[in-house]
Structures are given as structure tokens and as C-alpha cells.
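Report on the structure given below.
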Amino acid sequence: MTKLRRYAGAIYDKSELLSMISAMLDGWWSGGHYTQDFERAVADFIGAKHAVACNSGSSANLLALSALELEKGSEVITPATTFPTTVNPIIQCGLTPVFVDVDLHTLNINPYLIEKALSSKSRLLMVPHTLGNPFNLRLVTEICSKHGLRLIEDACDALGSKYDDKFVSTFGDAGTFSFYPAHHITTGEGGMVVTNSDELYDKLRGYRDWGRLCNCEPCLEVSRKNEGYLCPKRLNFKLDDGTPYDRRYAYGFIGYNMKMTEIQASMGIAQLQKVDNFIKARKENFQTLLKYVKTCSHLSCIEAEKGADPCWFTFPMIIRDGAPFTRDQVVRYLEAQGIQTRPIFAGNIIRHPAYSKVSYRVSGDLCNADKVLRDAFFVGVYPGLSKEDMAFIGEVLNDIDNGRARLSG
């Protein structure tokens, strides 16, 4: 039977299970002290002032963008090679995505195309660190400062990645993370927004929690314990018409219910204690595979930006022009050998059916994004793969590149 080398998976043991059982026995399963502890732990690890937990990385992107409260019709610059839930919040918030091309060497937004894409409506850059590879933050933040633009870093694939020795997600107005099972740590489903802005932090919590005005940590803790303490802000509040009202049930935002459960947060706390080992394993697996693939004639490796220290989500590759095989042939052969593959998310997202129904603008051509759509794919480097697994994957890729593999199609 062929051994399956997955592209990703959750790595956990009894510490996560015991932590989740403890949360279940605690009896308060939504928005309590486990969530607060997890938020503080992530903020401390990343070096951010604040963190707000939510139910997914996709929700984290929507939450971050909603809390910026940009004027309807504003334009948001973003790369065409992306994941849908980096783009969808732009549309869902009544804003217009402006797509620019990517750099084939990094798979990240080409920062030299950003200023050409600006208009009088430009307000924000929403940019992913593709597959854990930090984009050129030095140049992007300079552009934002020069033109008065906000920045959201989509770091859903990039927990542990650094730029100029500083964790990504802390350079812009907000950064987002995903804790889906494929990612660097997992809570099953789950996400996080980090920020250094006190004002944005308050809005993030409000938008996450139904739009309520008051959701401070002391009130949440008291509510969880069912104690009789009353925050002085609660009953000394009046609505706009002067009606006295409990501030905990006053609503200042058109919000959502995006809360993380206590069970998820308790797993996250246990996972975060292992994150340094997870990061080390990903980097080592990437380097092991790189030794094999960098000698290939027909497969192009992805490079890190200068100043970047990626914690790779996967090992991406692009089939060079003129190669004697297609991506379809390669991935079919790899899958037949038990090596899981995936395309680079949407490739060029405007080629997908959903985006024929929405309004967007394209700046320049998207020929590199189209190349990614046709010819790019990735394999795994997650900690569940051993050095022997990585060597096997590398040898199979060498066989393909050198014509020793019998490809079909």
C-alpha cells in the first residue's frame, strides 16, 4: 500500500485533549477566560499590543476590514494570486478590489506595480504573505505612508514568518491568522486579528460580538463566573434619545457573531506552546526538499524576499516554460505516488466563475497570475512529514524532471 505524504495536517497529543476537556468541564463554552488567555498568548508571541480571537481566518479578514469602516466604494489594492477570503471581504464591505500582478519569484504582490494602481479612491492595501513568504514590507509600508493608505496583512499562512527580524502581521493596521487544521497551529477552525491600535481593538471586539458597545474583559470574566459585580459603565449609559439602558446590550456597530469557542481556545493555548518546534520543523523540511528541487531544470523554486525569514506553509513550484510535461501530468503522477498536491489557491482569481458577477478593477496585465493559474502547485512541509518523507518527495520530483517518471496524459 502506498504511503500517503499529506500536504498538511494537525499535529497534537494528549496536552490538547486534556486542555479541551478542562474547558468543557468549566461549563462556559463561549468567550471566556480560555479565549482571553489565548488572545494574550498570541499577542505576546507576535509582539502585538492586542489580539482578537474569532471563528476562522476568513472571518478574521472580514472582521479586520469591517472595523476599518472604509467609505463604500473605496478601492482596495490586492494581488490577483490569492485566496477567495482575502478578496471576498472587500466585496462584502461594499468596496472595490483592484487587482495587480504578482512576482513569479516570490508569488507575492509585485510592489513596483502598486503606485500605478492608485486612484483617488484608493484607501487600503490588503495583501497576503503567500504560503508563508513575507511580501516586501519595507517598500509596501513606504508606499502606504507616502499615500496615506491603510494596510491589512493577511498572515493566515504565515504564523512564525519574520521580516527584518520582526513577526509579520505587526507592520500594518492589522494582521490576520488562521488556525485551520492545515495551518501552523490549529484550533480546528479559528482565527485571530492582531493590532497595535487601541481604537481598532475596541471596534474589532464590537464587530465580532454582535455589534455591542461594551465587551471589555472584566465584564466578560464577571459574566462567565455569574458574579454580581456591576461595571459602573453598564447602568450609567443612555441611548441617543436619552433612554437609560444597559450598555452591555447597546449596539454601536452592524456586527457579526464571530466568537471563538472556549474549547477551540483551549486547544490553541496548548498548540502555541509547541509553535517553536513546529516552525523549526517546517523550515527544516523546506530546506531538505529545496536541495532536491533547486537542481531541477524544469521546476522553478520560490524565493524569499530580501530581509524575509519565512515559516513556509508549503513548498510551491512553478513549471518552467518549455518543460516537456504539464502541471496536470506532474500532479497526477505525484498523487499516484501518494504525494498530496494543491494548486496555488485561486491562481488568478478573476478567472473563477464567482468573480464574473462582481465589480472590480485590474491595473496592468495579470500574465504572471495566469502563469500561476496554469503551471504552479505545491507539496507539503508540515511537521508530520519526516526528513525521509521529504527526501522521497524530492527524488520523485527529480525523476519527473529528468524524464525517468512515466507520466500519463
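How things are named: the first chain in the C-alpha cells is A, the next is B, and so on; residues count from 1 in each chain; ligands count from 1 in the order shown.
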Near region 336-359 of chain A, 12 Å: region 117-179 of chain A residue rows, closest pairs, only C-alpha atoms, as CSV:
```
residue,atom,partner,partner_atom,distance
A:Pro128,CA,A:Phe345,CA,11.8
A:Thr130,CA,A:Ile344,CA,9.0
A:Leu131,CA,A:Ile344,CA,8.5
A:Asp157,CA,A:Phe345,CA,11.6
```
Go ahead and dump the residues you just picked, C-alpha atoms, as a PDB file, in the first residue's frame.
```pdb
ATOM      1  CA  PRO A 128      -1.327  38.116   1.844  1.00  0.00           C
ATOM      2  CA  THR A 130       1.665  33.987   0.182  1.00  0.00           C
ATOM      3  CA  LEU A 131       2.264  30.493   1.573  1.00  0.00           C
ATOM      4  CA  ASP A 157      -0.418  31.151   6.104  1.00  0.00           C
TER       5      ASP A 157
END
```
As a PyMOL selection string, please: all residues of region 28-133 of chain A that backbone DSSP puts in strand (DSSP E). chain A and resi 50-54+75-79+96-100+122-128
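CA of Pro232 (chain A) to CA of Thr195 (chain A) spans 27.2 Å [interatomic distance, one decimal].
Distances from A:Ala265, A:Asp375, A:Ile318, A:Thr78 to Met24 (chain A) were compared using only C-alpha atoms, and the smallest one belongs to A:Ala265.
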With 8 Å as the cut-off and only C-alpha atoms counted, what is the closest atom pair between each nearby residue of region 124-215 of chain A and region 83-106 of chain A? Distances in Å to one decimal, ordered by chain and number, as a Markdown table.
```
| residue | atom | partner | partner_atom | distance |
| --- | --- | --- | --- | --- |
| A:Met126 | CA | A:Thr86 | CA | 7.4 |
| A:Val127 | CA | A:Thr86 | CA | 7.8 |
| A:Pro128 | CA | A:Thr86 | CA | 7.5 |
| A:Asn133 | CA | A:Thr106 | CA | 7.3 |
| A:Phe135 | CA | A:Thr106 | CA | 7.9 |
| A:Asp154 | CA | A:Thr86 | CA | 7.2 |
```
Find the residues around Gly188 (chain A) up to 9 Å (only C-alpha atoms counted), leave out those fewer than 6 positions away in its own chain, and share them as JSON, numbers by chain. {"A": [10, 179, 180, 181, 264, 267]}
Write the residues of the selection above to a file with N, CA and C atoms, as an mmCIF file, in the first residue's frame.
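Saved to out.cif:
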```cif
data_model
loop_
_atom_site.group_PDB
_atom_site.id
_atom_site.type_symbol
_atom_site.label_atom_id
_atom_site.label_comp_id
_atom_site.auth_asym_id
_atom_site.auth_seq_id
_atom_site.Cartn_x
_atom_site.Cartn_y
_atom_site.Cartn_z
ATOM 1 N N ALA A 10 -3.083 18.323 11.183
ATOM 2 C CA ALA A 10 -2.975 18.748 12.574
ATOM 3 C C ALA A 10 -2.010 17.833 13.327
ATOM 4 N N PHE A 179 -6.338 29.362 12.020
ATOM 5 C CA PHE A 179 -5.966 28.176 12.784
ATOM 6 C C PHE A 179 -6.703 26.936 12.268
ATOM 7 N N TYR A 180 -6.937 26.929 10.959
ATOM 8 C CA TYR A 180 -7.474 25.769 10.262
ATOM 9 C C TYR A 180 -6.484 24.601 10.425
ATOM 10 N N PRO A 181 -6.935 23.331 10.364
ATOM 11 C CA PRO A 181 -6.013 22.209 10.613
ATOM 12 C C PRO A 181 -4.764 22.178 9.738
ATOM 13 N N GLN A 264 -12.098 25.617 21.467
ATOM 14 C CA GLN A 264 -11.091 25.937 20.448
ATOM 15 C C GLN A 264 -9.905 26.683 21.071
ATOM 16 N N MET A 267 -7.509 24.531 22.990
ATOM 17 C CA MET A 267 -6.606 23.795 22.113
ATOM 18 C C MET A 267 -5.501 24.713 21.598
#
```
Using only C-alpha atoms, which of A:Ser66, A:Asn110, A:Ser19, A:Thr186 sits nearest Gly364 (chain A)? A:Asn110
Within 12 Å of region 251-254 of chain A using only C-alpha atoms, minus same-chain residues under 4 positions, as an NGL selection string: :A and (63 or 66-69 or 93 or 202-215 or 237-240 or 245-247)
Determine, counting only C-alpha atoms, which protein, DNA and RNA residues have an atom within 12 Å of an atom of Gly322 (chain A); residues of the same chain fewer than 3 positions away are not included. Present the result as a PyMOL selection string. chain A and resi 297-299+318-319+325-326+375
Considering only C-alpha atoms, return as JSON, numbers by chain whatever protein or nucleic-acid residues lie within 12 Å of Tyr12 (chain A), sequence-local ones (same chain, fewer than 6 positions apart) excluded. {"A": [18, 19, 20, 181, 184, 185, 186, 187, 188, 267, 268, 269, 270, 271, 272, 273, 274, 275, 278, 383, 384]}
Would you write out those residues with N, CA and C atoms, as a PDB file, in the first residue's frame?
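Written file, selection.pdb:
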```
ATOM      1  N   LEU A  18      -6.447  17.164  26.850  1.00  0.00           N
ATOM      2  CA  LEU A  18      -6.699  17.480  28.261  1.00  0.00           C
ATOM      3  C   LEU A  18      -7.121  18.938  28.431  1.00  0.00           C
ATOM      4  N   SER A  19      -6.518  19.816  27.656  1.00  0.00           N
ATOM      5  CA  SER A  19      -6.886  21.225  27.731  1.00  0.00           C
ATOM      6  C   SER A  19      -8.331  21.435  27.290  1.00  0.00           C
ATOM      7  N   MET A  20      -8.744  20.753  26.226  1.00  0.00           N
ATOM      8  CA  MET A  20     -10.122  20.883  25.750  1.00  0.00           C
ATOM      9  C   MET A  20     -11.109  20.286  26.743  1.00  0.00           C
ATOM     10  N   PRO A 181      -6.935  23.331  10.364  1.00  0.00           N
ATOM     11  CA  PRO A 181      -6.013  22.209  10.613  1.00  0.00           C
ATOM     12  C   PRO A 181      -4.764  22.178   9.738  1.00  0.00           C
ATOM     13  N   HIS A 184      -0.229  26.515  10.715  1.00  0.00           N
ATOM     14  CA  HIS A 184       0.943  26.318  11.568  1.00  0.00           C
ATOM     15  C   HIS A 184       0.583  25.851  12.970  1.00  0.00           C
ATOM     16  N   ILE A 185      -0.493  26.363  13.537  1.00  0.00           N
ATOM     17  CA  ILE A 185      -1.137  25.771  14.712  1.00  0.00           C
ATOM     18  C   ILE A 185      -2.612  25.685  14.392  1.00  0.00           C
ATOM     19  N   THR A 186      -3.336  24.861  15.126  1.00  0.00           N
ATOM     20  CA  THR A 186      -4.751  24.688  14.802  1.00  0.00           C
ATOM     21  C   THR A 186      -5.622  24.704  16.044  1.00  0.00           C
ATOM     22  N   THR A 187      -6.835  25.200  15.837  1.00  0.00           N
ATOM     23  CA  THR A 187      -7.906  25.062  16.829  1.00  0.00           C
ATOM     24  C   THR A 187      -9.107  24.362  16.181  1.00  0.00           C
ATOM     25  N   GLY A 188      -8.859  23.654  15.100  1.00  0.00           N
ATOM     26  CA  GLY A 188      -9.931  23.049  14.301  1.00  0.00           C
ATOM     27  C   GLY A 188     -10.373  24.049  13.258  1.00  0.00           C
ATOM     28  N   MET A 267      -7.509  24.531  22.990  1.00  0.00           N
ATOM     29  CA  MET A 267      -6.606  23.795  22.113  1.00  0.00           C
ATOM     30  C   MET A 267      -5.501  24.713  21.598  1.00  0.00           C
ATOM     31  N   GLY A 268      -5.872  25.945  21.270  1.00  0.00           N
ATOM     32  CA  GLY A 268      -4.888  26.898  20.772  1.00  0.00           C
ATOM     33  C   GLY A 268      -3.796  27.188  21.782  1.00  0.00           C
ATOM     34  N   ILE A 269      -4.162  27.279  23.054  1.00  0.00           N
ATOM     35  CA  ILE A 269      -3.170  27.523  24.103  1.00  0.00           C
ATOM     36  C   ILE A 269      -2.139  26.395  24.129  1.00  0.00           C
ATOM     37  N   ALA A 270      -2.627  25.160  24.046  1.00  0.00           N
ATOM     38  CA  ALA A 270      -1.705  24.008  24.048  1.00  0.00           C
ATOM     39  C   ALA A 270      -0.867  23.971  22.773  1.00  0.00           C
ATOM     40  N   GLN A 271      -1.470  24.310  21.632  1.00  0.00           N
ATOM     41  CA  GLN A 271      -0.731  24.325  20.371  1.00  0.00           C
ATOM     42  C   GLN A 271       0.367  25.382  20.368  1.00  0.00           C
ATOM     43  N   LEU A 272       0.062  26.540  20.931  1.00  0.00           N
ATOM     44  CA  LEU A 272       1.022  27.631  20.899  1.00  0.00           C
ATOM     45  C   LEU A 272       2.277  27.302  21.700  1.00  0.00           C
ATOM     46  N   GLN A 273       2.152  26.425  22.672  1.00  0.00           N
ATOM     47  CA  GLN A 273       3.321  26.001  23.444  1.00  0.00           C
ATOM     48  C   GLN A 273       4.288  25.161  22.607  1.00  0.00           C
ATOM     49  N   LYS A 274       3.808  24.674  21.460  1.00  0.00           N
ATOM     50  CA  LYS A 274       4.631  23.838  20.575  1.00  0.00           C
ATOM     51  C   LYS A 274       5.068  24.575  19.314  1.00  0.00           C
ATOM     52  N   VAL A 275       4.681  25.835  19.206  1.00  0.00           N
ATOM     53  CA  VAL A 275       4.833  26.519  17.923  1.00  0.00           C
ATOM     54  C   VAL A 275       6.299  26.657  17.518  1.00  0.00           C
ATOM     55  N   PHE A 278       7.190  23.541  15.812  1.00  0.00           N
ATOM     56  CA  PHE A 278       6.504  23.472  14.523  1.00  0.00           C
ATOM     57  C   PHE A 278       7.229  24.329  13.488  1.00  0.00           C
ATOM     58  N   PRO A 383       4.988  19.592   9.924  1.00  0.00           N
ATOM     59  CA  PRO A 383       5.788  18.775  10.849  1.00  0.00           C
ATOM     60  C   PRO A 383       5.453  17.288  10.859  1.00  0.00           C
ATOM     61  N   GLY A 384       4.340  16.905  10.276  1.00  0.00           N
ATOM     62  CA  GLY A 384       4.019  15.488  10.198  1.00  0.00           C
ATOM     63  C   GLY A 384       4.818  14.735   9.155  1.00  0.00           C
TER      64      GLY A 384
END
```
Shell of 10 Å around Pro324 (chain A), only C-alpha atoms, local chain residues under 4 positions omitted, as an MDAnalysis selection string: chainID A and resid 298 319:320 400:403
As a PyMOL selection string, please: all residues of region 91-307 of chain A that backbone DSSP puts in alpha helix (DSSP H). chain A and resi 91-92+114-117+137-147+198-208+217-225+262-272+275-293
Output C-alpha atoms for every residue in that selection, as a PDB file, in the first residue's frame.
```
ATOM      1  CA  ILE A  91     -16.721  42.911  -1.868  1.00  0.00           C
ATOM      2  CA  GLN A  92     -18.831  42.115   1.200  1.00  0.00           C
ATOM      3  CA  ILE A 114       1.164  49.305  -6.578  1.00  0.00           C
ATOM      4  CA  GLU A 115       1.602  53.023  -7.242  1.00  0.00           C
ATOM      5  CA  LYS A 116       0.480  52.537 -10.845  1.00  0.00           C
ATOM      6  CA  ALA A 117      -2.763  51.063  -9.493  1.00  0.00           C
ATOM      7  CA  LEU A 137       7.093  45.056   3.710  1.00  0.00           C
ATOM      8  CA  ARG A 138       9.750  47.724   3.523  1.00  0.00           C
ATOM      9  CA  LEU A 139       8.541  49.012   0.177  1.00  0.00           C
ATOM     10  CA  VAL A 140       4.841  48.392   0.817  1.00  0.00           C
ATOM     11  CA  THR A 141       4.833  50.288   4.119  1.00  0.00           C
ATOM     12  CA  GLU A 142       6.733  53.156   2.465  1.00  0.00           C
ATOM     13  CA  ILE A 143       4.028  53.347  -0.213  1.00  0.00           C
ATOM     14  CA  CYS A 144       1.297  53.286   2.428  1.00  0.00           C
ATOM     15  CA  SER A 145       2.970  56.086   4.374  1.00  0.00           C
ATOM     16  CA  LYS A 146       3.565  58.157   1.251  1.00  0.00           C
ATOM     17  CA  HIS A 147      -0.038  57.935   0.027  1.00  0.00           C
ATOM     18  CA  ASP A 198      -6.422  50.772  20.867  1.00  0.00           C
ATOM     19  CA  GLU A 199      -9.222  52.305  18.795  1.00  0.00           C
ATOM     20  CA  LEU A 200      -9.205  49.492  16.239  1.00  0.00           C
ATOM     21  CA  TYR A 201      -9.069  46.900  19.040  1.00  0.00           C
ATOM     22  CA  ASP A 202     -12.302  48.226  20.556  1.00  0.00           C
ATOM     23  CA  LYS A 203     -14.004  48.154  17.166  1.00  0.00           C
ATOM     24  CA  LEU A 204     -12.767  44.652  16.403  1.00  0.00           C
ATOM     25  CA  ARG A 205     -14.302  43.355  19.623  1.00  0.00           C
ATOM     26  CA  GLY A 206     -17.548  45.204  18.936  1.00  0.00           C
ATOM     27  CA  TYR A 207     -17.897  43.936  15.383  1.00  0.00           C
ATOM     28  CA  ARG A 208     -17.065  40.395  16.482  1.00  0.00           C
ATOM     29  CA  GLU A 217     -12.563  41.813  29.500  1.00  0.00           C
ATOM     30  CA  PRO A 218     -13.646  42.448  33.132  1.00  0.00           C
ATOM     31  CA  CYS A 219     -17.316  42.288  32.127  1.00  0.00           C
ATOM     32  CA  LEU A 220     -16.760  39.104  30.159  1.00  0.00           C
ATOM     33  CA  GLU A 221     -14.982  37.486  33.090  1.00  0.00           C
ATOM     34  CA  VAL A 222     -17.700  38.516  35.563  1.00  0.00           C
ATOM     35  CA  SER A 223     -20.424  37.273  33.211  1.00  0.00           C
ATOM     36  CA  ARG A 224     -18.672  33.926  32.827  1.00  0.00           C
ATOM     37  CA  LYS A 225     -18.449  33.459  36.596  1.00  0.00           C
ATOM     38  CA  GLU A 262     -13.589  28.133  24.756  1.00  0.00           C
ATOM     39  CA  ILE A 263     -12.865  24.606  23.548  1.00  0.00           C
ATOM     40  CA  GLN A 264     -11.091  25.937  20.448  1.00  0.00           C
ATOM     41  CA  ALA A 265      -9.145  28.482  22.501  1.00  0.00           C
ATOM     42  CA  SER A 266      -8.025  25.849  24.984  1.00  0.00           C
ATOM     43  CA  MET A 267      -6.606  23.795  22.113  1.00  0.00           C
ATOM     44  CA  GLY A 268      -4.888  26.898  20.772  1.00  0.00           C
ATOM     45  CA  ILE A 269      -3.170  27.523  24.103  1.00  0.00           C
ATOM     46  CA  ALA A 270      -1.705  24.008  24.048  1.00  0.00           C
ATOM     47  CA  GLN A 271      -0.731  24.325  20.371  1.00  0.00           C
ATOM     48  CA  LEU A 272       1.022  27.631  20.899  1.00  0.00           C
ATOM     49  CA  VAL A 275       4.833  26.519  17.923  1.00  0.00           C
ATOM     50  CA  ASP A 276       8.622  26.954  18.099  1.00  0.00           C
ATOM     51  CA  ASN A 277       9.115  23.263  17.279  1.00  0.00           C
ATOM     52  CA  PHE A 278       6.504  23.472  14.523  1.00  0.00           C
ATOM     53  CA  ILE A 279       8.310  26.437  12.980  1.00  0.00           C
ATOM     54  CA  LYS A 280      11.673  24.674  13.169  1.00  0.00           C
ATOM     55  CA  ALA A 281      10.283  21.516  11.515  1.00  0.00           C
ATOM     56  CA  ARG A 282       8.679  23.451   8.664  1.00  0.00           C
ATOM     57  CA  LYS A 283      11.887  25.323   7.915  1.00  0.00           C
ATOM     58  CA  GLU A 284      13.975  22.147   8.020  1.00  0.00           C
ATOM     59  CA  ASN A 285      11.559  20.257   5.755  1.00  0.00           C
ATOM     60  CA  PHE A 286      11.560  23.123   3.285  1.00  0.00           C
ATOM     61  CA  GLN A 287      15.369  23.162   3.154  1.00  0.00           C
ATOM     62  CA  THR A 288      15.538  19.378   2.729  1.00  0.00           C
ATOM     63  CA  LEU A 289      13.249  19.496  -0.292  1.00  0.00           C
ATOM     64  CA  LEU A 290      14.956  22.588  -1.690  1.00  0.00           C
ATOM     65  CA  LYS A 291      18.231  20.636  -2.052  1.00  0.00           C
ATOM     66  CA  TYR A 292      16.481  18.302  -4.485  1.00  0.00           C
ATOM     67  CA  VAL A 293      14.349  20.772  -6.434  1.00  0.00           C
TER      68      VAL A 293
END
```
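Proximity ranking of A:Pro310, A:Gly132, A:Gly175, A:Gly47 relative to Gly191 (chain A) places A:Gly175 first, based on only C-alpha atoms.
Ranking A:Asp37, A:Glu153, A:Asp365, A:Asp164 by their shortest atom-to-atom distance to Phe177 (chain A), with only C-alpha atoms included, puts A:Glu153 first.
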